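Everything below belongs to data32.cif, which stores mmCIF, C-alpha atoms.
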data_final
loop_
_atom_site.label_atom_id
_atom_site.label_comp_id
_atom_site.auth_asym_id
_atom_site.auth_seq_id
_atom_site.Cartn_x
_atom_site.Cartn_y
_atom_site.Cartn_z
CA MET A 295 35.42 -24.69 51.25
CA MET A 296 32.54 -22.39 52.26
CA ASP A 297 34.45 -19.39 50.89
CA PHE A 298 34.85 -21.17 47.55
CA ALA A 299 31.13 -22.08 47.42
CA GLN A 300 30.18 -18.50 48.23
CA GLU A 301 32.52 -17.25 45.49
CA VAL A 302 30.88 -19.60 42.96
CA HIS A 303 27.41 -18.46 44.07
CA ASP A 304 28.38 -14.80 43.68
CA SER A 305 29.84 -15.45 40.20
CA LEU A 306 26.66 -17.22 39.06
CA ALA A 307 24.56 -14.39 40.46
CA LYS A 308 26.48 -11.94 38.28
CA LEU A 309 25.79 -14.07 35.19
CA ARG A 310 22.08 -14.50 35.96
CA VAL A 311 19.82 -12.54 33.60
CA PRO A 312 17.89 -9.92 35.58
CA GLU A 313 14.13 -10.11 35.74
CA PRO A 314 12.52 -7.87 33.10
CA ARG A 315 11.17 -4.63 34.49
CA ILE A 316 7.60 -4.12 33.31
CA SER A 317 6.96 -0.68 34.79
CA GLY A 318 8.88 2.56 34.72
CA THR A 319 8.54 6.32 35.01
CA LEU A 320 7.76 8.97 32.41
CA VAL A 321 10.60 11.51 32.40
CA ARG A 322 10.12 13.76 29.36
CA LEU A 323 7.94 14.69 26.37
CA VAL A 324 9.87 15.80 23.27
CA GLY A 325 7.91 16.60 20.12
CA LEU A 326 5.91 13.49 19.26
CA THR A 327 7.69 11.14 21.66
CA LEU A 328 7.51 10.31 25.35
CA GLU A 329 10.73 9.30 27.12
CA THR A 330 10.65 6.81 29.97
CA ARG A 331 13.21 5.15 32.25
CA GLY A 332 13.19 2.15 34.55
CA ILE A 333 11.41 -0.13 32.11
CA MET A 334 12.62 -2.90 29.79
CA ALA A 335 10.67 -3.51 26.57
CA PRO A 336 11.60 -4.39 22.97
CA LEU A 337 10.85 -2.33 19.87
CA GLY A 338 7.20 -2.61 18.91
CA ALA A 339 6.03 -3.30 22.47
CA CYS A 340 2.75 -1.71 23.53
CA CYS A 341 2.83 0.32 26.75
CA GLU A 342 0.35 2.29 28.82
CA VAL A 343 1.00 5.61 30.57
CA LEU A 344 -1.05 6.01 33.75
CA GLY A 345 -1.65 9.68 34.52
CA LYS A 346 -2.11 10.88 38.09
CA GLY A 347 -5.67 12.00 37.36
CA GLY A 348 -6.63 8.57 36.04
CA HIS A 349 -5.81 9.52 32.44
CA ARG A 350 -4.50 6.59 30.38
CA VAL A 351 -2.59 6.80 27.09
CA GLU A 352 -1.40 3.82 25.06
CA ALA A 353 1.90 4.12 23.22
CA GLU A 354 4.35 1.99 21.24
CA VAL A 355 8.12 1.65 21.74
CA VAL A 356 9.69 3.19 18.64
CA GLY A 357 13.32 3.56 19.80
CA PHE A 358 15.73 3.51 22.72
CA ASN A 359 18.98 5.10 23.85
CA ASP A 360 20.88 3.33 26.61
CA LYS A 361 18.25 2.96 29.39
CA THR A 362 15.79 5.45 27.91
CA LEU A 363 12.85 4.20 25.83
CA TYR A 364 11.12 6.40 23.26
CA LEU A 365 7.36 5.91 23.10
CA MET A 366 4.97 7.32 20.53
CA PRO A 367 1.39 7.66 21.81
CA PHE A 368 -1.63 6.44 19.85
CA THR A 369 -3.65 9.50 20.91
CA ASP A 370 -2.96 13.03 22.09
CA PRO A 371 -0.94 12.71 25.36
CA VAL A 372 -2.85 15.51 27.11
CA GLY A 373 -3.19 14.72 30.83
CA VAL A 374 0.11 12.89 31.38
CA GLY A 375 3.13 14.42 33.03
CA PRO A 376 6.61 13.74 34.47
CA GLY A 377 6.72 10.98 37.02
CA ASP A 378 3.66 9.17 35.68
CA ARG A 379 3.86 5.38 35.73
CA VAL A 380 4.46 3.48 32.49
CA ARG A 381 3.72 -0.24 32.22
CA VAL A 382 4.13 -2.81 29.47
CA ILE A 383 0.89 -4.24 28.04
CA SER A 384 2.44 -6.61 25.48
CA ASN A 385 5.96 -7.23 24.19
CA SER A 386 4.96 -7.71 20.55
CA ALA A 387 2.35 -6.41 18.14
CA GLN A 388 -0.28 -9.13 17.67
CA VAL A 389 -3.58 -8.91 15.80
CA ARG A 390 -6.65 -11.13 15.88
CA LEU A 391 -7.90 -12.40 12.51
CA GLY A 392 -10.79 -14.39 11.11
CA ASN A 393 -13.50 -14.51 8.47
CA GLY A 394 -15.57 -12.26 10.71
CA LEU A 395 -13.55 -9.31 9.36
CA LEU A 396 -15.32 -9.54 5.98
CA GLY A 397 -17.72 -6.66 5.53
CA ARG A 398 -16.20 -4.70 8.42
CA VAL A 399 -14.36 -1.38 8.82
CA VAL A 400 -11.63 -1.40 11.48
CA ASP A 401 -8.69 0.75 12.60
CA GLY A 402 -5.00 -0.12 12.82
CA ARG A 403 -5.52 -2.06 16.07
CA GLY A 404 -8.44 -4.07 14.71
CA GLN A 405 -11.06 -2.09 16.64
CA PRO A 406 -14.40 -1.59 14.80
CA LEU A 407 -15.09 1.82 13.26
CA ASP A 408 -18.51 0.94 11.82
CA GLY A 409 -20.43 0.96 15.10
CA LEU A 410 -20.95 -2.80 15.07
CA PRO A 411 -19.80 -5.18 17.84
CA MET A 412 -16.37 -6.75 17.77
CA PRO A 413 -16.43 -9.80 15.44
CA GLU A 414 -15.38 -13.28 16.56
CA LEU A 415 -11.78 -13.71 15.43
CA PRO A 416 -10.29 -17.11 16.34
CA ASP A 417 -6.73 -16.64 15.03
CA GLN A 418 -3.88 -14.46 16.22
CA LEU A 419 -0.80 -13.50 14.18
CA SER A 420 2.10 -11.08 14.35
CA LEU A 421 1.32 -7.72 12.78
CA LEU A 422 4.55 -8.00 10.77
CA GLY A 423 3.51 -11.29 9.14
CA ARG A 424 5.78 -14.16 8.13
CA PRO A 425 8.23 -13.66 5.24
CA LEU A 426 7.97 -16.14 2.36
CA ASN A 427 10.96 -17.97 0.92
CA PRO A 428 11.22 -16.59 -2.64
CA MET A 429 11.91 -20.11 -3.94
CA GLU A 430 8.54 -21.27 -2.58
CA ARG A 431 6.50 -18.60 -4.32
CA GLY A 432 4.38 -19.61 -7.27
CA PRO A 433 4.76 -17.82 -10.64
CA ILE A 434 2.53 -15.04 -11.96
CA ASP A 435 0.94 -16.95 -14.82
CA SER A 436 -2.77 -16.05 -14.96
CA ILE A 437 -4.41 -12.86 -16.22
CA LEU A 438 -6.40 -10.75 -13.77
CA ASP A 439 -9.49 -9.09 -15.26
CA VAL A 440 -9.71 -5.65 -13.58
CA GLY A 441 -12.62 -4.35 -15.67
CA VAL A 442 -10.73 -1.24 -16.86
CA LYS A 443 -10.20 -1.17 -20.65
CA ALA A 444 -6.92 0.75 -20.67
CA ILE A 445 -5.35 -1.73 -18.23
CA ASN A 446 -6.87 -4.94 -19.60
CA SER A 447 -5.85 -4.13 -23.18
CA VAL A 448 -2.37 -2.60 -23.13
CA LEU A 449 -1.24 -2.89 -19.48
CA THR A 450 -2.48 -6.41 -18.72
CA ILE A 451 -1.70 -7.48 -15.16
CA GLY A 452 -1.63 -10.92 -13.54
CA ARG A 453 -2.73 -12.44 -10.25
CA GLY A 454 -0.05 -11.72 -7.66
CA GLN A 455 1.40 -8.68 -9.44
CA ARG A 456 2.32 -5.46 -7.57
CA ILE A 457 1.26 -2.25 -9.34
CA GLY A 458 1.52 1.44 -8.50
CA LEU A 459 -0.98 4.15 -9.48
CA VAL A 460 1.28 7.19 -9.79
CA ALA A 461 -0.11 10.71 -10.05
CA GLY A 462 -0.28 14.17 -8.54
CA SER A 463 -3.21 15.24 -6.41
CA GLY A 464 -6.67 15.59 -7.93
CA VAL A 465 -6.28 13.59 -11.15
CA GLY A 466 -8.53 10.64 -10.32
CA LYS A 467 -6.49 8.12 -8.30
CA SER A 468 -9.33 7.45 -5.87
CA VAL A 469 -11.90 7.10 -8.69
CA LEU A 470 -9.70 4.58 -10.52
CA LEU A 471 -9.12 2.76 -7.24
CA GLY A 472 -12.89 2.52 -6.78
CA MET A 473 -13.29 1.11 -10.30
CA LEU A 474 -10.66 -1.54 -9.59
CA THR A 475 -12.40 -2.39 -6.32
CA ARG A 476 -15.78 -2.94 -7.97
CA PHE A 477 -14.76 -4.60 -11.23
CA THR A 478 -11.75 -6.80 -10.38
CA LYS A 479 -12.54 -10.50 -10.18
CA ALA A 480 -11.15 -11.44 -6.74
CA ASP A 481 -12.31 -13.61 -3.83
CA VAL A 482 -11.49 -11.01 -1.15
CA VAL A 483 -10.68 -7.30 -1.34
CA VAL A 484 -8.56 -5.73 1.43
CA ILE A 485 -8.48 -1.93 1.42
CA GLY A 486 -6.09 0.21 3.46
CA LEU A 487 -7.04 3.90 3.59
CA ILE A 488 -3.89 5.37 5.12
CA GLY A 489 -3.37 9.05 5.88
CA GLU A 490 -6.16 10.34 3.64
CA ARG A 491 -8.92 12.80 4.52
CA GLY A 492 -11.41 11.44 7.03
CA ARG A 493 -14.45 12.24 4.88
CA GLU A 494 -13.02 10.09 2.06
CA VAL A 495 -13.30 6.95 4.19
CA GLN A 496 -17.09 7.05 4.38
CA ALA A 497 -17.38 8.32 0.80
CA PHE A 498 -15.21 5.48 -0.52
CA ILE A 499 -17.27 2.86 1.30
CA ALA A 500 -20.63 4.32 0.26
CA GLU A 501 -19.84 5.32 -3.33
CA SER A 502 -16.99 3.09 -4.49
CA LEU A 503 -17.74 -0.14 -2.62
CA GLY A 504 -21.45 -0.20 -1.94
CA PRO A 505 -23.14 -2.96 0.11
CA GLU A 506 -22.28 -5.72 -2.39
CA GLY A 507 -18.61 -4.75 -2.61
CA LEU A 508 -18.27 -4.30 1.15
CA ALA A 509 -19.60 -7.83 1.77
CA LYS A 510 -16.40 -9.39 0.37
CA SER A 511 -14.07 -6.63 1.61
CA VAL A 512 -12.14 -5.64 4.72
CA VAL A 513 -11.49 -1.92 5.15
CA ILE A 514 -8.69 -0.72 7.44
CA ALA A 515 -8.80 3.04 7.94
CA ALA A 516 -6.31 5.41 9.57
CA PRO A 517 -7.04 8.99 8.40
CA ALA A 518 -4.54 11.84 8.47
CA ASN A 519 -5.54 13.08 11.93
CA VAL A 520 -4.44 9.94 13.81
CA SER A 521 -0.98 9.28 15.23
CA PRO A 522 1.73 8.27 12.70
CA VAL A 523 2.33 5.07 14.65
CA LEU A 524 -1.36 4.15 14.20
CA ARG A 525 -1.09 4.88 10.48
CA LEU A 526 1.83 2.46 10.28
CA LYS A 527 -0.09 -0.12 12.30
CA ALA A 528 -3.01 0.19 9.86
CA THR A 529 -0.60 -0.38 6.96
CA HIS A 530 0.79 -3.57 8.52
CA MET A 531 -2.76 -4.62 9.44
CA THR A 532 -3.78 -4.25 5.77
CA HIS A 533 -0.96 -6.53 4.69
CA VAL A 534 -1.41 -9.18 7.40
CA VAL A 535 -5.17 -9.44 6.67
CA ALA A 536 -4.37 -9.95 2.97
CA GLU A 537 -1.77 -12.60 3.89
CA TYR A 538 -4.29 -14.36 6.14
CA PHE A 539 -6.81 -14.81 3.33
CA ARG A 540 -4.10 -15.64 0.78
CA ASP A 541 -2.89 -18.48 3.01
CA GLN A 542 -6.44 -19.88 2.85
CA GLY A 543 -5.88 -20.28 -0.91
CA LYS A 544 -7.94 -17.24 -1.93
CA ASN A 545 -7.09 -14.69 -4.60
CA VAL A 546 -6.89 -11.37 -2.76
CA LEU A 547 -6.91 -7.86 -4.19
CA MET A 548 -5.13 -5.52 -1.79
CA LEU A 549 -5.46 -1.77 -2.31
CA CYS A 550 -3.33 0.65 -0.28
CA ASP A 551 -4.12 4.36 -0.55
CA SER A 552 -1.54 5.69 -0.29
CA LEU A 553 2.06 4.48 -0.14
CA THR A 554 3.25 8.09 0.04
CA ARG A 555 1.24 8.73 3.24
CA VAL A 556 2.81 5.58 4.72
CA ALA A 557 6.23 7.07 3.95
CA HIS A 558 5.14 10.34 5.59
CA ALA A 559 4.13 8.47 8.76
CA GLN A 560 7.51 6.69 8.94
CA ARG A 561 9.25 10.03 8.28
CA GLU A 562 7.45 11.60 11.25
CA ILE A 563 8.50 8.72 13.51
CA GLY A 564 12.09 8.59 12.22
CA LEU A 565 12.71 12.31 12.61
CA ALA A 566 11.07 12.32 16.07
CA ILE A 567 13.58 9.75 17.40
CA GLY A 568 16.60 11.44 15.83
CA GLU A 569 17.16 9.75 12.45
CA PRO A 570 19.11 11.92 10.00
CA PRO A 571 17.03 13.31 7.12
CA THR A 572 18.10 12.47 3.56
CA ALA A 573 16.32 13.12 0.23
CA LYS A 574 13.32 15.46 0.77
CA GLY A 575 13.67 14.95 4.52
CA TYR A 576 13.00 11.20 4.41
CA PRO A 577 15.15 9.23 6.91
CA PRO A 578 16.80 5.93 5.89
CA SER A 579 14.10 3.87 7.64
CA VAL A 580 11.56 4.96 4.99
CA PHE A 581 13.63 3.42 2.19
CA ALA A 582 13.93 0.19 4.20
CA LEU A 583 10.21 0.03 5.06
CA LEU A 584 8.65 0.40 1.60
CA PRO A 585 10.36 -2.57 -0.16
CA ASN A 586 9.56 -4.77 2.86
CA LEU A 587 5.88 -3.87 2.59
CA ILE A 588 5.76 -4.40 -1.17
CA GLU A 589 7.43 -7.82 -0.90
CA ARG A 590 4.61 -9.06 1.35
CA GLY A 591 2.32 -9.28 -1.69
CA GLY A 592 2.55 -11.74 -4.56
CA VAL A 593 1.67 -15.38 -5.20
CA GLY A 594 1.56 -17.68 -2.17
CA ARG A 595 3.51 -20.83 -1.43
CA HIS A 596 3.59 -23.18 -4.43
CA GLY A 597 0.91 -21.16 -6.21
CA HIS A 598 -1.75 -21.46 -3.48
CA GLY A 599 -3.54 -18.14 -3.19
CA SER A 600 -2.28 -14.73 -4.27
CA ILE A 601 -2.19 -11.08 -3.27
CA THR A 602 -2.47 -8.64 -6.15
CA SER A 603 -1.24 -5.38 -4.63
CA ILE A 604 -2.20 -1.95 -5.96
CA TYR A 605 -0.60 1.05 -4.27
CA THR A 606 -1.40 4.67 -4.99
CA VAL A 607 1.72 6.84 -5.08
CA LEU A 608 1.42 10.61 -4.83
CA ALA A 609 3.88 12.42 -7.10
CA GLU A 610 4.13 15.63 -5.10
CA GLY A 611 3.97 18.63 -7.40
CA ASP A 612 3.58 16.19 -10.32
CA ASP A 613 7.28 15.37 -9.86
CA ALA A 614 7.88 11.93 -11.39
CA SER A 615 11.41 11.88 -9.88
CA ASP A 616 10.13 12.17 -6.29
CA PRO A 617 12.15 9.73 -4.10
CA ILE A 618 9.03 7.77 -3.09
CA VAL A 619 7.97 7.47 -6.74
CA ASP A 620 11.49 6.29 -7.59
CA ILE A 621 11.62 3.58 -4.93
CA ALA A 622 8.07 2.44 -5.78
CA ARG A 623 8.93 2.23 -9.48
CA ALA A 624 12.02 0.16 -8.66
CA SER A 625 10.23 -2.22 -6.26
CA LEU A 626 6.88 -2.76 -8.03
CA ASP A 627 6.08 -4.96 -11.04
CA GLY A 628 4.77 -2.03 -13.04
CA GLN A 629 3.11 1.34 -12.77
CA VAL A 630 0.08 3.15 -14.18
CA MET A 631 0.80 6.84 -14.67
CA LEU A 632 -2.11 9.28 -14.43
CA SER A 633 -1.82 12.54 -16.38
CA ARG A 634 -3.11 15.93 -15.24
CA ARG A 635 -3.21 17.02 -18.89
CA LEU A 636 -5.64 14.21 -19.72
CA ALA A 637 -7.69 14.91 -16.60
CA ASP A 638 -7.97 18.57 -17.67
CA GLN A 639 -9.39 17.33 -20.98
CA ALA A 640 -12.06 15.32 -19.08
CA HIS A 641 -10.39 12.10 -20.28
CA TYR A 642 -11.14 9.56 -17.54
CA PRO A 643 -9.58 7.40 -16.34
CA ALA A 644 -6.64 9.74 -17.04
CA ILE A 645 -4.19 6.89 -17.77
CA ASP A 646 -1.15 8.09 -19.71
CA LEU A 647 0.36 5.20 -21.66
CA ASN A 648 3.66 7.08 -21.85
CA GLY A 649 5.49 5.94 -18.73
CA SER A 650 2.96 3.22 -17.82
CA ILE A 651 4.11 -0.38 -17.99
CA SER A 652 3.21 -3.89 -16.83
CA ARG A 653 6.44 -5.85 -16.43
CA VAL A 654 4.83 -9.28 -16.65
CA MET A 655 2.42 -8.66 -19.53
CA GLN A 656 4.65 -10.37 -22.10
CA ILE A 657 4.45 -13.68 -20.21
CA LEU A 658 0.67 -13.48 -19.73
CA VAL A 659 -0.70 -12.74 -23.22
CA ASN A 660 -0.14 -14.48 -26.55
CA PRO A 661 2.25 -12.94 -29.14
CA ASP A 662 -0.56 -11.55 -31.34
CA ASP A 663 -2.18 -9.72 -28.44
CA MET A 664 1.24 -8.39 -27.39
CA ARG A 665 1.91 -7.06 -30.89
CA GLN A 666 -1.45 -5.29 -30.96
CA ALA A 667 -0.86 -3.74 -27.54
CA ASN A 668 2.58 -2.53 -28.60
CA LYS A 669 1.18 -1.10 -31.85
CA PHE A 670 -1.53 0.79 -29.95
CA ARG A 671 1.04 2.22 -27.52
CA ARG A 672 3.33 3.19 -30.41
CA LEU A 673 0.53 5.03 -32.27
CA TRP A 674 -0.55 6.78 -29.07
CA SER A 675 3.02 7.85 -28.31
CA VAL A 676 3.86 9.10 -31.83
CA TYR A 677 0.73 11.27 -31.84
CA GLN A 678 1.56 12.70 -28.40
CA GLN A 679 5.07 13.59 -29.59
CA ASN A 680 3.76 15.42 -32.67
CA ALA A 681 0.48 16.78 -31.27
CA ASP A 682 1.58 20.44 -31.47
CA LEU A 683 2.59 20.11 -35.15
CA VAL A 684 -0.71 18.44 -36.04
CA GLN A 685 -2.87 20.92 -34.16
CA VAL A 686 -1.31 24.03 -35.74
CA GLY A 687 -1.45 22.47 -39.23
CA ALA A 688 2.33 22.33 -39.65
CA TYR A 689 2.40 18.60 -40.40
CA GLU A 690 2.12 17.56 -44.04
CA ALA A 691 0.22 14.30 -44.57
CA GLY A 692 2.30 11.51 -46.11
CA THR A 693 5.54 12.53 -44.40
CA ASN A 694 5.34 9.79 -41.78
CA SER A 695 3.12 6.77 -42.43
CA GLU A 696 2.92 5.79 -38.76
CA LEU A 697 1.89 9.32 -37.76
CA ASP A 698 -0.67 9.32 -40.57
CA GLU A 699 -2.20 6.16 -39.09
CA ALA A 700 -2.09 7.65 -35.58
CA ILE A 701 -3.95 10.76 -36.81
CA ARG A 702 -6.55 8.63 -38.59
CA LEU A 703 -7.17 6.47 -35.50
CA ARG A 704 -6.83 9.25 -32.91
CA ASP A 705 -10.52 9.70 -32.14
CA SER A 706 -11.10 5.94 -32.01
CA MET A 707 -8.18 5.46 -29.59
CA VAL A 708 -9.42 8.21 -27.27
CA THR A 709 -12.92 6.73 -27.26
CA PHE A 710 -11.49 3.29 -26.58
CA LEU A 711 -9.47 4.46 -23.55
CA ARG A 712 -12.28 6.47 -21.97
CA GLN A 713 -14.62 4.63 -19.62
CA ASP A 714 -17.57 5.43 -17.39
CA MET A 715 -16.63 4.92 -13.74
CA HIS A 716 -19.81 2.88 -13.13
CA VAL A 717 -19.37 0.46 -16.06
CA GLY A 718 -16.89 -2.43 -16.09
CA GLU A 719 -15.45 -3.92 -19.28
CA ASP A 720 -14.81 -7.66 -19.65
CA TYR A 721 -11.25 -8.66 -20.60
CA GLU A 722 -12.16 -10.73 -23.68
CA VAL A 723 -14.56 -8.07 -24.98
CA THR A 724 -11.85 -5.45 -24.55
CA ARG A 725 -9.31 -7.52 -26.50
CA GLU A 726 -11.79 -7.97 -29.36
CA GLN A 727 -12.50 -4.23 -29.45
CA LEU A 728 -8.76 -3.55 -29.68
CA ARG A 729 -8.38 -6.01 -32.58
CA GLN A 730 -11.23 -4.34 -34.48
CA LEU A 731 -9.84 -0.85 -33.84
CA LEU A 732 -6.40 -1.72 -35.24
CA SER A 733 -7.71 -3.74 -38.19
#
Please rewrite the model in this file as structure tokens.
Amino acid sequence: MMDFAQEVHDSLAKLRVPEPRISGTLVRLVGLTLETRGIMAPLGACCEVLGKGGHRVEAEVVGFNDKTLYLMPFTDPVGVGPGDRVRVISNSAQVRLGNGLLGRVVDGRGQPLDGLPMPELPDQLSLLGRPLNPMERGPIDSILDVGVKAINSVLTIGRGQRIGLVAGSGVGKSVLLGMLTRFTKADVVVIGLIGERGREVQAFIAESLGPEGLAKSVVIAAPANVSPVLRLKATHMTHVVAEYFRDQGKNVLMLCDSLTRVAHAQREIGLAIGEPPTAKGYPPSVFALLPNLIERGGVGRHGHGSITSIYTVLAEGDDASDPIVDIARASLDGQVMLSRRLADQAHYPAIDLNGSISRVMQILVNPDDMRQANKFRRLWSVYQQNADLVQVGAYEAGTNSELDEAIRLRDSMVTFLRQDMHVGEDYEVTREQLRQLLS
């Protein structure tokens, strides 16, 4: 009988789940990743490496292979070495949230960057947020006044829409983003400055936001010189802060500059842990990450609150078929294309109507306004297609009545689309100006 009892005890002992190991040993540094053994932690867990000289480096679990965990440090891992102890700080990425974030500038971990004390934040949520059932989402049925004539008139967007600003470098994406920040009628503005130059963070806050704009904004900054895992954390932080205020019933404007730099951060992580590169070196995880991020915006449950998302997308080398541009175009509810040719002509904002579209405009505006917008776009496009003929004098007036009208209205259309970066334009005033121009 005792032998049988002992046999049962031994069998149960084999089935018993082992206690999780919360400390291990650093065994290797390869590229951007640290490898550790003897520790059990899930993906996304936060760990700390304790160097022998008292040096401490925080890192996140980004992958594993059998009993080896791959960690990516938040800072430069100088001072750590083989055999150093690694311990788990937390098994999941959590972030503290509250109204105290308004008017503040923080990093991807929620730590202040503005020199002010840590705000009181009563709530705590997962950095990855909570996915919404698509059947519970409210419809996009109200117009959002963004204060930019070219968008209000012919690319009208709605509350809860997701839009991309697509352009090469140096054609005015940041300036247009600043205009949208100042002029858009929203309860809260959440701004993620991801992977951009460090000097642009302070310049954006001082010049584009100003004290009045900052008061209703939350800025999450992770410039290009920080770890790719911190840049990704800042991206998720941007989205979870926007979700937090949306769930309070507020209309949130979320600006993410830029989606391409987010893809670059995920590419660095993916390649570091051995993912195979695909188009332009991007691993498959990039093409899974971006749609998941974009889907976190939109109208809240049953129409309560909304997140209008605006992402800047860098078309590297002005290549409109760049894989990140392609996936953004497929996932977003429209795009605003910026043209280097227009920027070279000092036409600002350099919005090119050819290729720009708002996919929900037809359900937001009345049929007359839609016809006028389409007519304006058609006249703009027909002139662009025949600009060389007109400029060299090879076009004979009367050959094409639509082109004749486009030539007659050309100067008025250019004037209409241009706008001073410090002056906002009301939606209704803009619509009336468009009616007068086309009449």
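Atom pair CA of Gly338 in chain A / CA of Arg561 in chain A: separated by 16.6 Å.
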All residues 12 Å or closer to range 412-414 of chain A, only C-alpha atoms, same chain fewer than 5 positions away omitted, as JSON, numbers by chain: {"A": [390, 391, 392, 393, 394, 395, 396, 397, 398, 399, 400, 401, 403, 404, 405, 406, 407]}
Interatomic distance (Å, one decimal) between CA of Ala497 in chain A and CA of Val513 in chain A: 12.6 Å
The PyMOL selection byres ((chain A and resi 445) around 12) resolved against shown file, as a PyMOL selection string: chain A and resi 437-444+446-452+457+459+470+473-474+478+628-631+643-647+650-652+655+667+671+710-713+718-721+724-725
Write out as a compact mmCIF listing (two decimals) with C-alpha atoms, in the coordinates of the input the residues lying within 7 Å of range 525-534 of chain A, counting only C-alpha atoms and excluding same-chain residues fewer than 3 positions away.
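Written out: result.txt:
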# COMPACT_ATOMS: atom_id res chain seq x y z
CA ASP A 401 -8.69 0.75 12.60
CA GLY A 402 -5.00 -0.12 12.82
CA ARG A 403 -5.52 -2.06 16.07
CA LEU A 421 1.32 -7.72 12.78
CA LEU A 422 4.55 -8.00 10.77
CA GLY A 423 3.51 -11.29 9.14
CA VAL A 484 -8.56 -5.73 1.43
CA ILE A 485 -8.48 -1.93 1.42
CA GLY A 486 -6.09 0.21 3.46
CA ILE A 488 -3.89 5.37 5.12
CA GLY A 489 -3.37 9.05 5.88
CA ILE A 514 -8.69 -0.72 7.44
CA ALA A 515 -8.80 3.04 7.94
CA ALA A 516 -6.31 5.41 9.57
CA VAL A 520 -4.44 9.94 13.81
CA SER A 521 -0.98 9.28 15.23
CA PRO A 522 1.73 8.27 12.70
CA GLU A 537 -1.77 -12.60 3.89
CA TYR A 538 -4.29 -14.36 6.14
CA VAL A 556 2.81 5.58 4.72
CA ALA A 559 4.13 8.47 8.76
CA ARG A 590 4.61 -9.06 1.35
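Closest to Arg424 in chain A among A:Glu589, A:Pro661, A:Ser706, A:Ser615 is A:Glu589, based on all atoms listed in the file.
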Selection dump of the PyMOL selection byres ((chain A and resi 480) around 12), as a ChimeraX atom specification: /A:437-441,452-454,474-479,481-484,507,510-511,536,539-540,543-548,599-603
Residues within 12 Å of Gly464 in chain A, only C-alpha atoms, excluding chain neighbours under 6 positions, as a PyMOL selection string: chain A and resi 470+608-612+632-638+644
Could those residues be written to a file, using C-alpha atoms, as a short mmCIF file (atom, residue, chain, number, x, y, z; two decimals), in the frame of the given file?
data_model
loop_
_atom_site.label_atom_id
_atom_site.label_comp_id
_atom_site.auth_asym_id
_atom_site.auth_seq_id
_atom_site.Cartn_x
_atom_site.Cartn_y
_atom_site.Cartn_z
CA LEU A 470 -9.70 4.58 -10.52
CA LEU A 608 1.42 10.61 -4.83
CA ALA A 609 3.88 12.42 -7.10
CA GLU A 610 4.13 15.63 -5.10
CA GLY A 611 3.97 18.63 -7.40
CA ASP A 612 3.58 16.19 -10.32
CA LEU A 632 -2.11 9.28 -14.43
CA SER A 633 -1.82 12.54 -16.38
CA ARG A 634 -3.11 15.93 -15.24
CA ARG A 635 -3.21 17.02 -18.89
CA LEU A 636 -5.64 14.21 -19.72
CA ALA A 637 -7.69 14.91 -16.60
CA ASP A 638 -7.97 18.57 -17.67
CA ALA A 644 -6.64 9.74 -17.04
#
Ref. answer, residues at most 10 Å from (15.1, 9.0, 3.6) with only C-alpha atoms, as a PyMOL selection string: chain A and resi 557+560-561+564-565+569-582+617-618
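CA of Val469 in chain A lies 10.0 Å from CA of His716 in chain A.
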Result set of the PyMOL selection byres ((chain A and resi 430) around 12) on the coordinates above, as a PyMOL selection string: chain A and resi 425-429+431-433+592-598
Spatial sel., origin (2.6, 9.9, -27.4), limit 12 Å, only C-alpha atoms, listed as a ChimeraX atom specification: /A:646-650,669-682,697,700-701,704,707
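Of the listed residues A:Thr319, A:Thr327, A:Gln418, A:Ser384, the one whose atoms come nearest to Lys361 in chain A is A:Thr319, with distances taken using all atoms listed in the file.
Each of A:Thr554, A:Cys340, A:His349, A:Val535 was compared to Val389 in chain A using only C-alpha atoms, and A:Val535 turns out to be the nearest.
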Distance query Gly492 in chain A at most 8 Å, all atoms listed in the file, self and fewer than 6 positions along chain excluded, as a VMD selection string: chain A and resid 517 to 519
Using only C-alpha atoms, please write the residues we just selected to a file, as an mmCIF file, keeping the file's coordinate frame.
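Result saved to selection.cif:
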data_model
loop_
_atom_site.group_PDB
_atom_site.id
_atom_site.type_symbol
_atom_site.label_atom_id
_atom_site.label_comp_id
_atom_site.auth_asym_id
_atom_site.auth_seq_id
_atom_site.Cartn_x
_atom_site.Cartn_y
_atom_site.Cartn_z
ATOM 1 C CA PRO A 517 -7.040 8.990 8.400
ATOM 2 C CA ALA A 518 -4.540 11.840 8.470
ATOM 3 C CA ASN A 519 -5.540 13.080 11.930
#
Exercise: Arg702 in chain A partners within 12 Å, all atoms listed in the file, chain neighbours under 6 positions left out, as a VMD selection string: chain A and resid 673 to 674 677 684 691 to 692 695 to 696 708 731 to 732
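If you measure from each of A:Ala640, A:His558, A:Asp408, A:Ala461 to Ile499 in chain A using all atoms listed in the file, the closest one turns out to be A:Asp408.
The residue that comes closest to Tyr364 in chain A, out of A:Gly504, A:Pro336, A:Gly345, A:Gly377 and on the basis of only C-alpha atoms, is A:Pro336.
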For Ala387 in chain A, the nearest of the candidates A:Glu354, A:Glu562, A:Tyr689, A:Glu342, counting only C-alpha atoms: A:Glu354
